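Student: This is the structure I want to talk about, given as structure tokens.
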Amino acid sequence: MALRELRYFGDPVLKTVADPVTRFDKSLEALVQDLLDTVEPQGRAGLAAPQIGVGLRAFSYDVHGEHGYVLNPEIVELSEETQDIDEGCLSVPELWFPTPRAAYAVVRGVDLRNEPVTVMGSGVMAQCLQHETDHLDGVLYLDRLAAERKRQAMRHARQKDWFWKR
């Protein structure tokens, strides 16, 4: 089992758009296994490759016993119904803020054999799919907060020991 070290808010890799996966080889298999291993500990729902310092479009998920990964994911459907869900992030630990998310989401991508994969869900799964796909676009959940809530989150983040200092 390979638990990879996490990158934290302030690290530029988290604000960079990830590159598409184009090589389906042993190194990609190792990355996917690391993503699956690193998301496995209790309390973790999803993990995107940039959160472990890899700028590729890949994420893993582990929500209510449903676990897996998606390479080159794209959100192809979001419900019009939205909800504010308390959201946190492994790269922004200890901070939780209500974040607007679609109540239902569908993501399409590929697996390690470059075969099509579709993952869909509502509630926490929908939140996870949106959150992890955002990571691949260089977007943190903090970026989705209303202005005053975002200012509050930024003040709290800057006071944390994990906050990446330049």
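Residue numbering restarts at 1 in every chain; chains get A, B, ... in the order shown in the structure tokens, and ligands count up from 1 in that same order.
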What's the 12 Å shell around range 123-127 of chain A, counting only C-alpha atoms, without same-chain residues fewer than 3 positions away, as number ranges by chain?

Tutor: A: 44-46, 60-68, 75, 77-79, 81-89, 98-107, 119-120, 130-134, 141

Student: Need to verify the contact set: Leu35 in chain A, 9 Å, only C-alpha atoms, exclusion of same-chain residues closer than 3 positions in sequence. Can you return it as a compact mmCIF listing (two decimals) with C-alpha atoms, in the first residue's frame?

Tutor:
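What landed in part.txt:
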# COMPACT_ATOMS: atom_id res chain seq x y z
CA ALA A 2 1.44 3.38 -1.06
CA LEU A 3 -0.02 6.35 0.75
CA ARG A 4 1.30 9.39 -1.09
CA ALA A 30 1.22 2.73 -10.39
CA LEU A 31 -0.33 6.20 -10.20
CA VAL A 32 -3.86 4.78 -10.16
CA THR A 38 -4.28 7.17 -0.66
CA VAL A 39 -8.06 7.68 -0.77
CA GLU A 40 -8.74 4.50 1.22
CA GLY A 46 -11.91 11.43 -3.32
CA LEU A 47 -8.39 12.29 -4.40
CA ALA A 48 -7.17 13.96 -7.58
CA ALA A 49 -3.68 13.40 -8.98
CA ILE A 52 -0.26 14.19 -4.70
CA ALA A 58 -6.96 11.30 -12.92
CA PHE A 59 -8.88 10.86 -9.69
CA SER A 60 -9.99 8.13 -7.31
CA TYR A 61 -13.12 7.96 -5.18
CA TYR A 69 -10.98 5.82 -10.45

Student: As an mmCIF file with N, CA, C and O atoms, in the first residue's frame, please: the residues near Gly109 in chain A (cut-off 10 Å, only C-alpha atoms, same-chain neighbours under 5 positions excluded).

Tutor:
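around-v7.cif, freshly written:
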data_model
loop_
_atom_site.group_PDB
_atom_site.id
_atom_site.type_symbol
_atom_site.label_atom_id
_atom_site.label_comp_id
_atom_site.auth_asym_id
_atom_site.auth_seq_id
_atom_site.Cartn_x
_atom_site.Cartn_y
_atom_site.Cartn_z
ATOM 1 N N ARG A 57 -4.823 14.226 -15.481
ATOM 2 C CA ARG A 57 -6.271 14.186 -15.282
ATOM 3 C C ARG A 57 -6.681 12.786 -14.832
ATOM 4 O O ARG A 57 -7.058 11.946 -15.640
ATOM 5 N N ALA A 58 -6.604 12.588 -13.520
ATOM 6 C CA ALA A 58 -6.960 11.297 -12.920
ATOM 7 C C ALA A 58 -7.442 11.550 -11.501
ATOM 8 O O ALA A 58 -6.898 12.419 -10.809
ATOM 9 N N TYR A 69 -11.780 4.719 -9.913
ATOM 10 C CA TYR A 69 -10.985 5.818 -10.447
ATOM 11 C C TYR A 69 -11.521 6.179 -11.827
ATOM 12 O O TYR A 69 -12.227 5.389 -12.463
ATOM 13 N N VAL A 70 -11.160 7.362 -12.283
ATOM 14 C CA VAL A 70 -11.514 7.806 -13.636
ATOM 15 C C VAL A 70 -10.316 8.574 -14.187
ATOM 16 O O VAL A 70 -9.736 9.415 -13.503
ATOM 17 N N LEU A 71 -9.962 8.270 -15.417
ATOM 18 C CA LEU A 71 -8.907 8.978 -16.133
ATOM 19 C C LEU A 71 -9.557 9.873 -17.181
ATOM 20 O O LEU A 71 -10.551 9.480 -17.798
ATOM 21 N N ASN A 72 -9.004 11.042 -17.369
ATOM 22 C CA ASN A 72 -9.531 12.025 -18.317
ATOM 23 C C ASN A 72 -11.033 12.273 -18.116
ATOM 24 O O ASN A 72 -11.813 12.268 -19.076
ATOM 25 N N PRO A 73 -11.455 12.503 -16.870
ATOM 26 C CA PRO A 73 -12.885 12.689 -16.613
ATOM 27 C C PRO A 73 -13.418 14.017 -17.154
ATOM 28 O O PRO A 73 -12.707 15.016 -17.195
ATOM 29 N N GLU A 74 -14.660 13.964 -17.556
ATOM 30 C CA GLU A 74 -15.413 15.156 -17.955
ATOM 31 C C GLU A 74 -16.791 15.056 -17.326
ATOM 32 O O GLU A 74 -17.415 13.995 -17.374
ATOM 33 N N ILE A 75 -17.249 16.144 -16.766
ATOM 34 C CA ILE A 75 -18.625 16.174 -16.273
ATOM 35 C C ILE A 75 -19.529 16.324 -17.489
ATOM 36 O O ILE A 75 -19.384 17.273 -18.263
ATOM 37 N N VAL A 76 -20.428 15.370 -17.655
ATOM 38 C CA VAL A 76 -21.310 15.392 -18.823
ATOM 39 C C VAL A 76 -22.751 15.708 -18.449
ATOM 40 O O VAL A 76 -23.572 15.965 -19.339
ATOM 41 N N ASN A 114 -7.950 2.312 -21.452
ATOM 42 C CA ASN A 114 -8.486 3.355 -22.324
ATOM 43 C C ASN A 114 -9.897 3.015 -22.795
ATOM 44 O O ASN A 114 -10.316 3.411 -23.876
ATOM 45 N N GLU A 115 -10.618 2.262 -21.952
ATOM 46 C CA GLU A 115 -12.010 1.902 -22.226
ATOM 47 C C GLU A 115 -12.928 2.896 -21.515
ATOM 48 O O GLU A 115 -12.609 3.357 -20.420
ATOM 49 N N PRO A 116 -14.082 3.210 -22.103
ATOM 50 C CA PRO A 116 -14.992 4.186 -21.500
ATOM 51 C C PRO A 116 -15.475 3.777 -20.105
ATOM 52 O O PRO A 116 -15.732 2.603 -19.837
ATOM 53 N N VAL A 117 -15.585 4.768 -19.237
ATOM 54 C CA VAL A 117 -16.078 4.600 -17.869
ATOM 55 C C VAL A 117 -17.071 5.721 -17.595
ATOM 56 O O VAL A 117 -16.821 6.877 -17.974
ATOM 57 N N THR A 118 -18.180 5.396 -16.954
ATOM 58 C CA THR A 118 -19.149 6.403 -16.519
ATOM 59 C C THR A 118 -19.416 6.192 -15.039
ATOM 60 O O THR A 118 -19.650 5.068 -14.608
ATOM 61 N N VAL A 119 -19.338 7.281 -14.282
ATOM 62 C CA VAL A 119 -19.650 7.239 -12.855
ATOM 63 C C VAL A 119 -20.704 8.308 -12.614
ATOM 64 O O VAL A 119 -20.581 9.437 -13.099
#

Student: Can you list every residue in chain A that DSSP puts in strand (DSSP E), as a PyMOL selection string?

Tutor: chain A and resi 46-48+58-63+66-78+82-89+92-102+104-110+116-122

Student: Just to confirm, what's the straight-line distance from CA of Tyr8 in chain A to CA of Gln42 in chain A in Å (one decimal)?

Tutor: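 Here the two named atoms are 19.1 Å from each other.
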
Student: Could you check which of A:Leu36, A:Val139, A:Val110, A:Ala146 is closest to Leu14 in chain A, using only C-alpha atoms?

Tutor: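 Of A:Leu36, A:Val139, A:Val110, A:Ala146, the one nearest Leu14 in chain A, counting only C-alpha atoms, is A:Val139.
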
Student: Would you mind reading off the distance between CA of Lys150 in chain A and CA of Asp19 in chain A, one decimal, in Å?

Tutor: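 That distance, rounded to one decimal, is 27.3 Å.
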
Student: From the list A:Gln152, A:Lys160, A:Val54, A:Arg113, which residue is nearest Leu136 in chain A when using only C-alpha atoms?

Tutor: A:Val54

Student: As a PyMOL selection string, please: all residues of chain A that backbone DSSP puts in alpha helix (DSSP H).

Tutor: chain A and resi 26-39+124-136+147-158

Student: Excluding same-chain residues fewer than 3 positions from Pro93 in chain A, what lies within 12 Å of it counting only C-alpha atoms, as a ChimeraX atom specification?

Tutor: /A:6-9,43-44,87-90,96-97,142,153,156-163

Student: Could you jot down the CA of Ser27 in chain A to CA of Leu56 in chain A separation for me, Å, one decimal place?

Tutor: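 Answer for the CA of Ser27 in chain A to CA of Leu56 in chain A separation: 11.9 Å.
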